[in-house]
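Undergrad: Sharing upload_15.tsv (TSV, C-alpha atoms and all ligand atoms) below.
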chain	number	residue	atom	x	y	z
A	48	MET	CA	22.98	22.85	-6.79
A	49	GLU	CA	25.12	23.69	-9.81
A	50	LEU	CA	24.29	21.86	-13.00
A	51	SER	CA	27.70	20.14	-13.31
A	52	LEU	CA	27.54	18.88	-9.71
A	53	ALA	CA	23.99	17.63	-10.25
A	54	SER	CA	24.99	15.70	-13.35
A	55	ALA	CA	28.01	14.21	-11.52
A	56	CYS	CA	25.68	12.93	-8.77
A	57	ALA	CA	23.26	11.58	-11.35
A	58	ASP	CA	26.08	9.81	-13.23
A	59	GLU	CA	27.38	8.22	-10.04
A	60	ILE	CA	23.93	6.94	-9.05
A	61	ARG	CA	23.16	5.77	-12.59
A	62	ASP	CA	26.41	3.78	-12.61
A	63	LYS	CA	25.55	2.19	-9.27
A	64	VAL	CA	22.06	1.27	-10.45
A	65	ARG	CA	23.36	-0.24	-13.69
A	66	ALA	CA	25.93	-2.25	-11.73
A	67	GLY	CA	23.23	-3.54	-9.38
A	68	ALA	CA	24.85	-1.83	-6.37
A	69	ARG	CA	22.72	-0.78	-3.42
A	70	LEU	CA	22.01	2.95	-3.07
A	71	SER	CA	23.15	4.65	0.14
A	72	ARG	CA	21.09	6.91	2.35
A	73	GLU	CA	22.97	9.90	0.91
A	74	ASP	CA	22.03	8.77	-2.61
A	75	GLY	CA	18.43	8.47	-1.49
A	76	ARG	CA	18.45	11.92	0.11
A	77	TRP	CA	19.78	13.50	-3.08
A	78	LEU	CA	17.18	11.71	-5.20
A	79	LEU	CA	14.37	12.81	-2.89
A	80	THR	CA	15.40	16.41	-2.41
A	81	GLU	CA	17.64	17.75	-5.16
A	82	ALA	CA	17.78	15.55	-8.24
A	83	PRO	CA	15.90	16.77	-11.31
A	84	VAL	CA	12.70	14.72	-11.33
A	85	LEU	CA	12.99	13.73	-14.99
A	86	GLU	CA	16.50	12.34	-14.38
A	87	VAL	CA	15.22	10.26	-11.48
A	88	GLY	CA	12.32	9.07	-13.62
A	89	ALA	CA	14.61	8.09	-16.52
A	90	MET	CA	16.87	6.05	-14.21
A	91	ALA	CA	13.86	4.33	-12.65
A	92	GLU	CA	12.33	3.55	-16.03
A	93	GLU	CA	15.59	2.06	-17.30
A	94	LEU	CA	15.86	-0.13	-14.20
A	95	ARG	CA	12.22	-1.22	-14.40
A	96	HIS	CA	12.66	-2.42	-18.00
A	97	ALA	CA	15.96	-4.15	-17.17
A	98	ARG	CA	14.31	-6.01	-14.27
A	99	LEU	CA	10.95	-6.69	-15.91
A	100	PRO	CA	11.37	-6.95	-19.67
A	101	GLY	CA	8.35	-7.26	-21.95
A	102	ARG	CA	6.47	-4.00	-21.31
A	103	VAL	CA	3.74	-5.77	-19.31
A	104	VAL	CA	1.74	-3.73	-16.79
A	105	THR	CA	-0.37	-5.79	-14.42
A	106	PHE	CA	-3.65	-5.01	-12.64
A	107	VAL	CA	-5.94	-6.92	-10.29
A	108	ILE	CA	-9.73	-7.12	-10.22
A	109	ASP	CA	-10.49	-6.29	-6.62
A	110	SER	CA	-12.69	-4.55	-4.12
A	111	ASN	CA	-11.85	-2.76	-0.89
A	112	PRO	CA	-14.84	-2.95	1.47
A	113	ASN	CA	-14.76	-2.22	5.20
A	114	TYR	CA	-16.36	-4.17	8.04
A	115	THR	CA	-16.57	-1.41	10.66
A	116	ASN	CA	-15.80	2.28	11.01
A	117	VAL	CA	-15.66	2.01	14.82
A	118	CYS	CA	-12.17	2.77	16.06
A	119	ILE	CA	-10.41	3.67	19.29
A	120	THR	CA	-7.09	4.70	17.75
A	121	ASP	CA	-7.82	8.33	16.73
A	122	CYS	CA	-5.27	8.73	13.93
A	123	GLN	CA	-4.86	12.39	13.04
A	124	PHE	CA	-5.02	11.71	9.31
A	125	CYS	CA	-8.18	9.58	9.29
A	126	ALA	CA	-11.56	10.85	8.07
A	127	PHE	CA	-13.13	7.39	8.07
A	128	TYR	CA	-13.47	6.32	11.69
A	129	ARG	CA	-16.08	7.06	14.38
A	130	LYS	CA	-15.68	6.49	18.10
A	131	PRO	CA	-17.72	3.69	19.76
A	132	GLY	CA	-21.25	4.97	20.41
A	133	ASP	CA	-21.11	7.70	17.75
A	134	PRO	CA	-24.43	8.01	15.88
A	135	GLU	CA	-22.55	7.48	12.61
A	136	ALA	CA	-20.70	4.38	13.83
A	137	TRP	CA	-21.48	1.10	12.06
A	138	THR	CA	-20.30	-2.52	12.09
A	139	LEU	CA	-21.32	-5.17	9.56
A	140	THR	CA	-22.26	-8.70	10.50
A	141	VAL	CA	-20.26	-11.59	9.06
A	142	ASP	CA	-23.12	-12.25	6.61
A	143	GLU	CA	-23.17	-8.62	5.49
A	144	VAL	CA	-19.43	-8.68	4.79
A	145	LEU	CA	-19.79	-11.98	2.92
A	146	GLY	CA	-22.57	-10.33	0.88
A	147	LYS	CA	-20.08	-7.65	-0.21
A	148	ILE	CA	-17.53	-10.32	-1.11
A	149	GLU	CA	-20.19	-12.19	-3.10
A	150	SER	CA	-21.00	-9.02	-5.00
A	151	ALA	CA	-17.30	-8.41	-5.79
A	152	ALA	CA	-16.87	-12.06	-6.85
A	153	SER	CA	-19.86	-11.79	-9.19
A	154	LYS	CA	-18.03	-8.96	-10.99
A	155	GLY	CA	-14.91	-11.07	-11.43
A	156	ALA	CA	-12.89	-9.99	-8.37
A	157	THR	CA	-10.03	-12.30	-7.42
A	158	THR	CA	-8.88	-10.17	-4.47
A	159	VAL	CA	-10.83	-8.59	-1.65
A	160	LEU	CA	-8.86	-6.20	0.51
A	161	LEU	CA	-10.88	-6.03	3.72
A	162	GLN	CA	-9.96	-3.64	6.49
A	163	GLY	CA	-11.68	-1.74	9.25
A	164	GLY	CA	-11.33	0.30	12.42
A	165	HIS	CA	-10.08	-1.06	15.72
A	166	ASN	CA	-13.40	-2.08	17.20
A	167	PRO	CA	-12.97	-3.59	20.70
A	168	ALA	CA	-16.44	-5.18	20.57
A	169	LEU	CA	-15.54	-7.67	17.84
A	170	PRO	CA	-14.55	-11.19	19.01
A	171	LEU	CA	-11.67	-13.19	17.54
A	172	ASP	CA	-14.10	-15.59	15.91
A	173	TYR	CA	-15.56	-12.76	13.77
A	174	TYR	CA	-12.24	-12.37	11.94
A	175	LEU	CA	-11.55	-16.09	11.62
A	176	THR	CA	-15.06	-16.82	10.32
A	177	LEU	CA	-14.67	-14.11	7.67
A	178	VAL	CA	-11.52	-15.74	6.35
A	179	ARG	CA	-12.81	-19.31	6.57
A	180	GLU	CA	-16.16	-18.56	4.95
A	181	THR	CA	-14.58	-16.47	2.17
A	182	ARG	CA	-12.31	-19.39	1.35
A	183	ARG	CA	-15.18	-21.86	1.46
A	184	ARG	CA	-17.81	-19.89	-0.43
A	185	PHE	CA	-15.62	-17.96	-2.90
A	186	PRO	CA	-12.53	-20.07	-3.59
A	187	GLN	CA	-11.61	-17.82	-6.52
A	188	VAL	CA	-11.23	-14.83	-4.16
A	189	THR	CA	-8.04	-14.27	-2.15
A	190	PRO	CA	-8.88	-12.92	1.33
A	191	HIS	CA	-6.37	-10.05	1.51
A	192	PHE	CA	-7.65	-9.08	4.97
A	193	PHE	CA	-6.59	-6.95	7.97
A	194	THR	CA	-3.69	-4.53	8.16
A	195	ALA	CA	-0.87	-4.75	10.70
A	196	SER	CA	-2.56	-2.52	13.27
A	197	GLU	CA	-5.79	-4.55	13.11
A	198	ILE	CA	-3.76	-7.69	13.78
A	199	GLN	CA	-2.02	-5.95	16.67
A	200	THR	CA	-5.43	-4.95	18.04
A	201	ILE	CA	-6.88	-8.47	17.70
A	202	ALA	CA	-3.80	-9.84	19.49
A	203	GLY	CA	-4.01	-7.27	22.31
A	204	LEU	CA	-7.74	-7.70	22.92
A	205	ASN	CA	-7.46	-11.49	23.01
A	206	ARG	CA	-4.20	-11.62	24.99
A	207	LEU	CA	-2.46	-13.44	22.16
A	208	GLY	CA	0.89	-12.89	20.48
A	209	ILE	CA	1.07	-11.45	16.95
A	210	GLY	CA	2.34	-14.83	15.76
A	211	ASP	CA	-0.61	-16.63	17.40
A	212	VAL	CA	-3.13	-14.47	15.53
A	213	LEU	CA	-1.27	-14.98	12.25
A	214	ASP	CA	-1.21	-18.75	12.84
A	215	LEU	CA	-4.98	-18.75	13.41
A	216	LEU	CA	-5.60	-16.66	10.27
A	217	ARG	CA	-3.36	-18.98	8.30
A	218	GLU	CA	-5.21	-22.02	9.62
A	219	ALA	CA	-8.46	-20.36	8.47
A	220	GLY	CA	-7.02	-19.99	4.96
A	221	GLN	CA	-5.36	-16.56	4.79
A	222	ARG	CA	-2.06	-16.26	2.89
A	223	THR	CA	-1.56	-12.54	2.22
A	224	LEU	CA	-1.79	-9.29	4.19
A	225	PRO	CA	-2.38	-5.76	2.94
A	226	GLY	CA	0.35	-3.22	3.72
A	227	GLY	CA	-1.85	-0.37	4.94
A	228	GLY	CA	-1.27	1.43	8.20
A	229	ALA	CA	2.44	2.01	7.69
A	230	GLU	CA	1.98	5.76	6.99
A	231	VAL	CA	5.66	6.81	7.26
A	232	LEU	CA	7.75	4.36	9.29
A	233	SER	CA	9.64	6.88	11.41
A	234	GLU	CA	9.28	7.36	15.18
A	235	ARG	CA	8.83	11.11	14.76
A	236	VAL	CA	6.02	10.88	12.21
A	237	ARG	CA	4.09	8.06	13.82
A	238	THR	CA	4.25	9.73	17.23
A	239	ARG	CA	2.80	12.87	15.66
A	240	ILE	CA	0.05	11.46	13.42
A	241	ALA	CA	-0.84	8.05	14.88
A	242	PRO	CA	0.47	7.94	18.46
A	243	LYS	CA	-1.77	5.05	19.54
A	244	LYS	CA	-0.52	2.76	16.77
A	245	GLY	CA	2.98	2.43	18.22
A	246	GLY	CA	6.28	3.21	16.50
A	247	PRO	CA	7.51	1.76	13.21
A	248	GLN	CA	8.44	-1.52	14.91
A	249	ALA	CA	4.77	-2.25	15.58
A	250	TRP	CA	4.00	-2.40	11.83
A	251	LEU	CA	7.29	-4.08	11.00
A	252	GLU	CA	6.81	-6.82	13.62
A	253	VAL	CA	3.50	-7.92	12.11
A	254	HIS	CA	4.96	-8.12	8.61
A	255	ARG	CA	8.13	-9.84	9.87
A	256	GLU	CA	6.09	-12.48	11.71
A	257	ALA	CA	3.83	-12.87	8.67
A	258	HIS	CA	6.75	-13.33	6.27
A	259	ARG	CA	8.37	-15.78	8.68
A	260	ARG	CA	5.20	-17.90	8.38
A	261	GLY	CA	5.11	-17.73	4.58
A	262	PHE	CA	2.55	-14.94	4.14
A	263	LYS	CA	3.12	-12.43	1.35
A	264	SER	CA	2.30	-8.78	1.93
A	265	THR	CA	2.67	-5.34	0.40
A	266	ALA	CA	4.42	-2.32	1.88
A	267	THR	CA	2.66	1.03	1.59
A	268	MET	CA	3.61	4.61	2.35
A	269	MET	CA	1.30	7.56	2.90
A	270	TYR	CA	3.34	10.73	2.54
A	271	GLY	CA	2.54	14.43	2.22
A	272	HIS	CA	1.85	15.51	5.82
A	273	VAL	CA	4.50	16.13	8.49
A	274	GLU	CA	7.39	14.04	7.16
A	275	GLN	CA	10.82	15.20	6.04
A	276	ALA	CA	13.28	13.45	3.73
A	277	ASP	CA	14.93	11.59	6.62
A	278	ASP	CA	11.61	10.14	7.70
A	279	LEU	CA	11.04	8.82	4.18
A	280	LEU	CA	14.53	7.34	4.20
A	281	ASP	CA	13.83	5.66	7.56
A	282	HIS	CA	10.80	4.09	5.91
A	283	PHE	CA	12.70	2.93	2.83
A	284	ASP	CA	15.57	1.55	4.95
A	285	ALA	CA	13.21	-0.33	7.29
A	286	ILE	CA	11.28	-2.13	4.56
A	287	ARG	CA	14.39	-2.80	2.46
A	288	SER	CA	16.05	-4.47	5.48
A	289	LEU	CA	12.96	-6.53	6.25
A	290	GLN	CA	12.78	-7.62	2.61
A	291	ASP	CA	16.40	-8.81	2.89
A	292	GLU	CA	15.31	-11.14	5.73
A	293	PHE	CA	12.44	-13.05	4.07
A	294	GLY	CA	11.60	-11.58	0.64
A	295	GLY	CA	7.93	-11.51	1.68
A	296	PHE	CA	6.92	-8.17	0.14
A	297	THR	CA	5.36	-8.40	-3.30
A	298	ALA	CA	5.14	-4.68	-4.00
A	299	PHE	CA	5.61	-1.15	-2.74
A	300	VAL	CA	2.57	1.13	-2.94
A	301	PRO	CA	3.01	4.84	-2.12
A	302	TRP	CA	0.21	7.41	-2.10
A	303	SER	CA	-0.28	10.97	-0.97
A	304	PHE	CA	-2.25	12.02	2.12
A	305	LYS	CA	-5.78	13.30	1.46
A	306	PRO	CA	-6.43	15.91	4.17
A	307	GLY	CA	-10.22	16.44	3.74
A	308	ASN	CA	-12.23	16.07	6.99
A	309	THR	CA	-9.21	14.97	9.07
A	310	LEU	CA	-7.74	16.36	12.31
A	311	LEU	CA	-4.47	16.97	10.45
A	312	GLU	CA	-6.16	19.07	7.76
A	313	LYS	CA	-5.49	22.42	9.40
A	314	TRP	CA	-1.74	21.76	9.60
A	315	ILE	CA	-1.32	20.97	5.91
A	316	LYS	CA	-0.17	24.05	4.05
A	317	HIS	CA	0.69	22.49	0.74
A	318	TYR	CA	-1.03	19.58	-1.03
A	319	GLN	CA	1.52	17.21	-2.57
A	320	GLY	CA	0.72	16.83	-6.24
A	321	PRO	CA	1.82	14.51	-9.06
A	322	ASN	CA	5.37	15.89	-9.22
A	323	THR	CA	6.14	14.59	-5.72
A	324	TYR	CA	4.25	11.39	-6.44
A	325	LEU	CA	6.29	10.62	-9.55
A	326	ARG	CA	9.54	11.32	-7.70
A	327	MET	CA	8.44	9.06	-4.83
A	328	LEU	CA	7.66	6.21	-7.23
A	329	ALA	CA	10.92	6.58	-9.12
A	330	VAL	CA	13.01	6.77	-5.92
A	331	SER	CA	11.27	3.69	-4.56
A	332	ARG	CA	12.08	1.72	-7.73
A	333	LEU	CA	15.74	2.74	-7.41
A	334	TYR	CA	16.17	2.49	-3.64
A	335	LEU	CA	14.05	-0.62	-2.94
A	336	ASP	CA	16.31	-2.85	-5.02
A	337	ASN	CA	14.84	-6.03	-3.55
A	338	PHE	CA	11.16	-5.25	-4.25
A	339	PRO	CA	9.81	-6.98	-7.35
A	340	HIS	CA	6.94	-4.58	-8.05
A	341	VAL	CA	6.07	-0.91	-7.64
A	342	GLN	CA	2.41	0.02	-7.91
A	343	ALA	CA	1.02	3.12	-9.61
A	344	SER	CA	-1.82	4.33	-7.44
A	345	TRP	CA	-4.18	5.58	-10.17
A	346	PHE	CA	-6.86	5.68	-7.53
A	347	SER	CA	-5.15	8.09	-5.20
A	348	GLU	CA	-3.31	10.25	-7.76
A	349	GLY	CA	-5.66	10.19	-10.75
A	350	LYS	CA	-5.67	8.24	-13.98
A	351	LYS	CA	-3.40	10.59	-15.92
A	352	ALA	CA	-0.77	10.56	-13.17
A	353	GLY	CA	-1.20	6.77	-13.14
A	354	GLN	CA	-0.33	6.59	-16.84
A	355	ILE	CA	2.75	8.79	-16.42
A	356	ALA	CA	3.75	6.74	-13.36
A	357	LEU	CA	4.27	3.79	-15.70
A	358	HIS	CA	7.20	5.77	-17.15
A	359	PHE	CA	8.62	6.48	-13.68
A	360	GLY	CA	9.36	2.94	-12.56
A	361	ALA	CA	5.91	1.53	-11.78
A	362	ASP	CA	4.94	-1.79	-13.37
A	363	ASP	CA	1.54	-2.36	-11.78
A	364	TRP	CA	-1.71	-0.41	-12.08
A	365	GLY	CA	-3.30	-1.55	-8.82
A	366	GLY	CA	-6.89	-2.69	-8.81
A	367	THR	CA	-10.41	-1.90	-9.92
A	368	LEU	CA	-11.44	-1.11	-6.32
A	369	PHE	CA	-15.14	-1.76	-6.91
A	370	GLU	CA	-15.78	-0.41	-3.41
A	371	GLU	CA	-13.68	2.10	-1.46
A	372	ASN	CA	-14.74	4.12	1.60
A	373	VAL	CA	-11.58	5.47	3.24
A	374	HIS	CA	-10.55	8.05	0.64
A	375	ALA	CA	-14.23	8.72	0.00
A	376	ALA	CA	-14.56	9.85	3.64
A	377	ALA	CA	-11.95	12.52	2.81
A	378	ASP	CA	-14.11	13.61	-0.17
A	379	TYR	CA	-11.79	11.93	-2.67
A	380	VAL	CA	-13.59	9.69	-5.18
A	381	ASN	CA	-12.30	8.04	-8.38
A	382	HIS	CA	-13.68	5.14	-10.47
A	383	VAL	CA	-12.37	2.86	-13.19
A	384	GLY	CA	-13.57	-0.40	-14.81
A	385	VAL	CA	-11.57	-3.24	-16.37
A	386	ASP	CA	-12.11	-2.00	-19.96
A	387	GLU	CA	-10.90	1.46	-19.02
A	388	ILE	CA	-7.83	0.07	-17.20
A	389	VAL	CA	-6.92	-1.96	-20.29
A	390	THR	CA	-7.31	1.13	-22.50
A	391	LEU	CA	-5.33	3.39	-20.14
A	392	ILE	CA	-2.43	0.90	-19.92
A	393	ARG	CA	-2.39	0.40	-23.72
A	394	GLU	CA	-2.56	4.15	-24.33
A	395	ALA	CA	0.53	4.53	-22.11
A	396	GLY	CA	2.39	2.08	-24.36
A	397	PHE	CA	2.24	-1.17	-22.38
A	398	THR	CA	0.59	-4.61	-22.55
A	399	PRO	CA	-2.13	-4.96	-19.88
A	400	ALA	CA	-2.27	-8.20	-17.90
A	401	GLN	CA	-4.64	-9.28	-15.16
A	402	ARG	CA	-2.82	-10.67	-12.11
A	403	THR	CA	-3.56	-12.42	-8.83
A	404	THR	CA	-3.01	-10.91	-5.35
A	405	GLU	CA	0.48	-12.49	-5.43
A	406	TYR	CA	1.30	-11.00	-8.85
A	407	ASP	CA	0.97	-14.19	-10.92
A	408	ILE	CA	-0.37	-13.35	-14.37
A	409	LEU	CA	-3.85	-14.71	-15.16
A	410	LYS	CA	-4.51	-13.20	-18.58
A	411	LYS	CA	-2.81	-10.86	-21.05
A	412	TYR	CA	-4.94	-8.47	-23.10
A	501	LIG	S1	-6.53	4.92	10.22
A	501	LIG	FE1	-7.41	3.01	10.97
A	501	LIG	S2	-6.61	2.86	13.04
A	501	LIG	FE2	-6.37	5.00	12.46
A	501	LIG	S3	-8.27	6.02	13.17
A	501	LIG	FE3	-8.60	5.40	11.03
A	501	LIG	S4	-9.62	3.44	11.19
A	501	LIG	FE4	-8.65	3.82	13.16
Please express the file's structure as structure tokens.

TA:
Amino acid sequence: MELSLASACADEIRDKVRAGARLSREDGRWLLTEAPVLEVGAMAEELRHARLPGRVVTFVIDSNPNYTNVCITDCQFCAFYRKPGDPEAWTLTVDEVLGKIESAASKGATTVLLQGGHNPALPLDYYLTLVRETRRRFPQVTPHFFTASEIQTIAGLNRLGIGDVLDLLREAGQRTLPGGGAEVLSERVRTRIAPKKGGPQAWLEVHREAHRRGFKSTATMMYGHVEQADDLLDHFDAIRSLQDEFGGFTAFVPWSFKPGNTLLEKWIKHYQGPNTYLRMLAVSRLYLDNFPHVQASWFSEGKKAGQIALHFGADDWGGTLFEENVHAAADYVNHVGVDEIVTLIREAGFTPAQRTTEYDILKKY
């Protein structure tokens, strides 16, 4: 694109953003595919500061354990799961999971994001007891448990509706859901990389029913495999529309696909690096005009990219992730403690603040 045409497009989009007007799909396509990345970043940063003045960047003290790696869903991008009966398959008892939550709580965690494979051997009561006992024994910890596809699986195995399972989890004390398992919410992509999970509506239905009942959740996106710009726009449009209905999403959290040890690995010709990540963050800040927070995934993209992300529209640093096994299965490992998070956020020019799962601020540093 010629320089003058590019700057005309940028001016038009900047004017829309400053006026609080919603960006169109064409705007989104240009931002994703042609716009100079630094221009997109500057627009996103301006909007982030206009929406959230005060230069505060939040983080959460959390852990991300898993309760089973047994799964019957065979996602092409997953290095974590094992089929039932595999010698490397494992499932924790309720007490073992609670032991992990106790360990996270002893280190100051206020959120535990618990997820696992789709293990048909686990009864409904296993899930409900985990929530109930976490609430009872560790009241300071928010049980941020079970992604949409796990809830779908629990519903299917127990011949219940999605809403019934959510009602039972709510009765047990759960109030938030993690946004994992969305991948890219386009029919084409989900059919290719996770055909047994159902189309985008499967993920959206769980979050819609959850928001209808007062749950809060996050929306994630795992890009960098078989998607094209239109698939990403399908994803952005779907979650923006759902947010218009109930306002139940707290944050958007994108990260890049890690191909190590996955079935999809051989098809990936080009690893998506920080340049794409920063563009994705900035576009999400601009396009998802009804999302309060955008999270910098230091864990998935690295600490330095995480710091730069704070200048591309992100206002949250994510969590400490005391335990993480899913990226580790793809040979991707990264660690950070609270002191280091505080230093990294300060170094980037912001005021660090510890938050809850629902983004309420607990303490400024
Ligand atoms: S991503 Fe989740 S549902 Fe898919 S194979 Fe892995 S554990 Fe199973």

Undergrad: Using only C-alpha atoms and all ligand atoms, determine which residues fall within 6 Å of ligand LIG 501 (chain A), then list them as an MDAnalysis selection string.

TA: chainID A and resid 118 120:122 125 127:128 163:165

Undergrad: Applying 9 Å and all atoms listed in the file, which residues near segment 318-325 of chain A remain after dropping the ones on its own chain fewer than 3 positions away? List them as a list in words.

TA: Leu79, Val84, Gly88, Tyr270, Gly271, His272, Pro301, Trp302, Ser303, Phe304, Lys305, Pro306, Ile315, Leu328, Ala329, Val330, Glu348, Gly349, Ala352, Ile355, Ala356, Phe359 and Gly360 of chain A

Undergrad: One number please: atom CA of Arg255 of chain A to atom CA of Asp277 of chain A, in Å, one decimal.

TA: 22.7 Å

Undergrad: Do you have, as CSV, the list of residues of segment 134-191 of chain A lying at most 7 Å from segment 217-240 of chain A, each with its nearest atom pair and that distance in Å to one decimal, counting only C-alpha atoms and ordered by chain then number?

TA:
residue,atom,partner,partner_atom,distance
A:Leu160,CA,A:Pro225,CA,6.9
A:Leu175,CA,A:Ala219,CA,6.1
A:Val178,CA,A:Ala219,CA,5.9
A:Arg179,CA,A:Ala219,CA,4.9
A:Arg182,CA,A:Gly220,CA,6.4
A:Pro190,CA,A:Gln221,CA,6.1
A:His191,CA,A:Leu224,CA,5.4

Undergrad: Nearest to Asn113 of chain A: which of A:Leu161, A:Ala126, A:Leu145, A:Leu279 is it, counting only C-alpha atoms?

TA: A:Leu161

Undergrad: Which residue, A:Ile108, A:Asp362, A:Thr176, A:Met327, has the smallest gap to Ala156 of chain A when you use all atoms listed in the file?

TA: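 Ranking A:Ile108, A:Asp362, A:Thr176, A:Met327 by distance to Ala156 of chain A, first place goes to A:Ile108.
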
Undergrad: For Lys130 of chain A, work out the shell of residues within 7 Å, counting all atoms listed in the file and skipping chain neighbours fewer than 6 positions away, then give it as an mmCIF file with C-alpha atoms, in the frame of the given file.

TA:
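The result, written out as part31.cif:
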data_model
loop_
_atom_site.group_PDB
_atom_site.id
_atom_site.type_symbol
_atom_site.label_atom_id
_atom_site.label_comp_id
_atom_site.auth_asym_id
_atom_site.auth_seq_id
_atom_site.Cartn_x
_atom_site.Cartn_y
_atom_site.Cartn_z
ATOM 1 C CA VAL A 117 -15.660 2.010 14.820
ATOM 2 C CA CYS A 118 -12.170 2.770 16.060
ATOM 3 C CA ILE A 119 -10.410 3.670 19.290
ATOM 4 C CA ALA A 136 -20.700 4.380 13.830
#

Undergrad: From the set A:Asp211, A:Lys244, A:Asn116, A:Asn111, which residue has the shortest atom-to-atom contact distance to Lys147 of chain A, counting all atoms listed in the file?

TA: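 Smallest separation from Lys147 of chain A among the options: A:Asn111.
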
Undergrad: Between atom CA of Ile209 of chain A and atom CA of Ala257 of chain A, measure the distance and give it in Å to one decimal.

TA: 8.8 Å

Undergrad: Counting only C-alpha atoms, which of A:Asn337, A:Ser288, A:Thr189, A:Thr297 gets nearest to Ser264 of chain A?

TA: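 The answer is A:Thr297, which sits nearest to Ser264 of chain A.
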
Undergrad: I'd like to know which of A:Gly210, A:Leu368, A:His358, A:Thr404 is closest to Val104 of chain A, using all atoms listed in the file.

TA: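 Closest candidate: A:His358.
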
Undergrad: Determine, counting all atoms listed in the file, which protein, DNA and RNA residues have an atom within 12 Å of an atom of Leu169 of chain A; residues of the same chain fewer than 2 positions away are not included. Present the result as a list of chain:residue names.

TA: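 These residues fall inside the cut-off: A:Tyr114, A:Thr115, A:Val117, A:Cys118, A:Pro131, A:Thr138, A:Leu139, A:Thr140, A:Val141, A:Gly163, A:Gly164, A:His165, A:Asn166, A:Pro167, A:Leu171, A:Asp172, A:Tyr173, A:Tyr174, A:Leu175, A:Thr176, A:Glu197, A:Thr200, A:Ile201, A:Leu204, A:Asn205.
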
Undergrad: One number please: atom CA of Gly67 of chain A to atom CA of Asp336 of chain A, in Å, one decimal.

TA: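 Pair atom CA of Gly67 of chain A / atom CA of Asp336 of chain A returns 8.2 Å.
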
Undergrad: Applying 8 Å and all atoms listed in the file, which residues near Asp74 of chain A remain after dropping the ones on its own chain fewer than 4 positions away? List them as a list in words.

TA: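 So the residues in contact are Ile60, Leu70 and Leu78 of chain A.
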
Undergrad: Could you pull segment 192-204 of chain A out of the structure just shown and give N, CA and C atoms as a PDB file, in the first residue's frame?

TA:
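Wrote result_7.pdb, looks like this:
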ATOM      1  N   PHE A 192     -12.380 -22.298  37.628  1.00  0.00           N
ATOM      2  CA  PHE A 192     -12.233 -23.689  37.215  1.00  0.00           C
ATOM      3  C   PHE A 192     -12.972 -23.965  35.889  1.00  0.00           C
ATOM      4  N   PHE A 193     -12.449 -24.865  35.093  1.00  0.00           N
ATOM      5  CA  PHE A 193     -13.122 -25.556  33.991  1.00  0.00           C
ATOM      6  C   PHE A 193     -13.473 -24.641  32.806  1.00  0.00           C
ATOM      7  N   THR A 194     -12.836 -24.938  31.688  1.00  0.00           N
ATOM      8  CA  THR A 194     -13.106 -24.176  30.462  1.00  0.00           C
ATOM      9  C   THR A 194     -14.418 -24.646  29.821  1.00  0.00           C
ATOM     10  N   ALA A 195     -14.822 -23.902  28.790  1.00  0.00           N
ATOM     11  CA  ALA A 195     -16.117 -24.175  28.147  1.00  0.00           C
ATOM     12  C   ALA A 195     -16.243 -25.632  27.697  1.00  0.00           C
ATOM     13  N   SER A 196     -15.179 -26.176  27.102  1.00  0.00           N
ATOM     14  CA  SER A 196     -15.321 -27.531  26.561  1.00  0.00           C
ATOM     15  C   SER A 196     -15.390 -28.572  27.681  1.00  0.00           C
ATOM     16  N   GLU A 197     -14.777 -28.276  28.840  1.00  0.00           N
ATOM     17  CA  GLU A 197     -14.937 -29.204  29.968  1.00  0.00           C
ATOM     18  C   GLU A 197     -16.392 -29.165  30.443  1.00  0.00           C
ATOM     19  N   ILE A 198     -16.974 -27.984  30.483  1.00  0.00           N
ATOM     20  CA  ILE A 198     -18.373 -27.880  30.927  1.00  0.00           C
ATOM     21  C   ILE A 198     -19.307 -28.577  29.941  1.00  0.00           C
ATOM     22  N   GLN A 199     -19.008 -28.422  28.672  1.00  0.00           N
ATOM     23  CA  GLN A 199     -19.773 -29.152  27.640  1.00  0.00           C
ATOM     24  C   GLN A 199     -19.671 -30.659  27.877  1.00  0.00           C
ATOM     25  N   THR A 200     -18.448 -31.128  28.164  1.00  0.00           N
ATOM     26  CA  THR A 200     -18.229 -32.559  28.361  1.00  0.00           C
ATOM     27  C   THR A 200     -18.967 -33.060  29.602  1.00  0.00           C
ATOM     28  N   ILE A 201     -18.876 -32.291  30.694  1.00  0.00           N
ATOM     29  CA  ILE A 201     -19.587 -32.695  31.929  1.00  0.00           C
ATOM     30  C   ILE A 201     -21.088 -32.783  31.635  1.00  0.00           C
ATOM     31  N   ALA A 202     -21.602 -31.799  30.901  1.00  0.00           N
ATOM     32  CA  ALA A 202     -23.037 -31.786  30.584  1.00  0.00           C
ATOM     33  C   ALA A 202     -23.401 -33.016  29.750  1.00  0.00           C
ATOM     34  N   GLY A 203     -22.609 -33.285  28.714  1.00  0.00           N
ATOM     35  CA  GLY A 203     -22.908 -34.415  27.817  1.00  0.00           C
ATOM     36  C   GLY A 203     -22.868 -35.739  28.542  1.00  0.00           C
ATOM     37  N   LEU A 204     -21.831 -35.952  29.366  1.00  0.00           N
ATOM     38  CA  LEU A 204     -21.681 -37.245  30.047  1.00  0.00           C
ATOM     39  C   LEU A 204     -22.784 -37.480  31.076  1.00  0.00           C
TER      40      LEU A 204
END
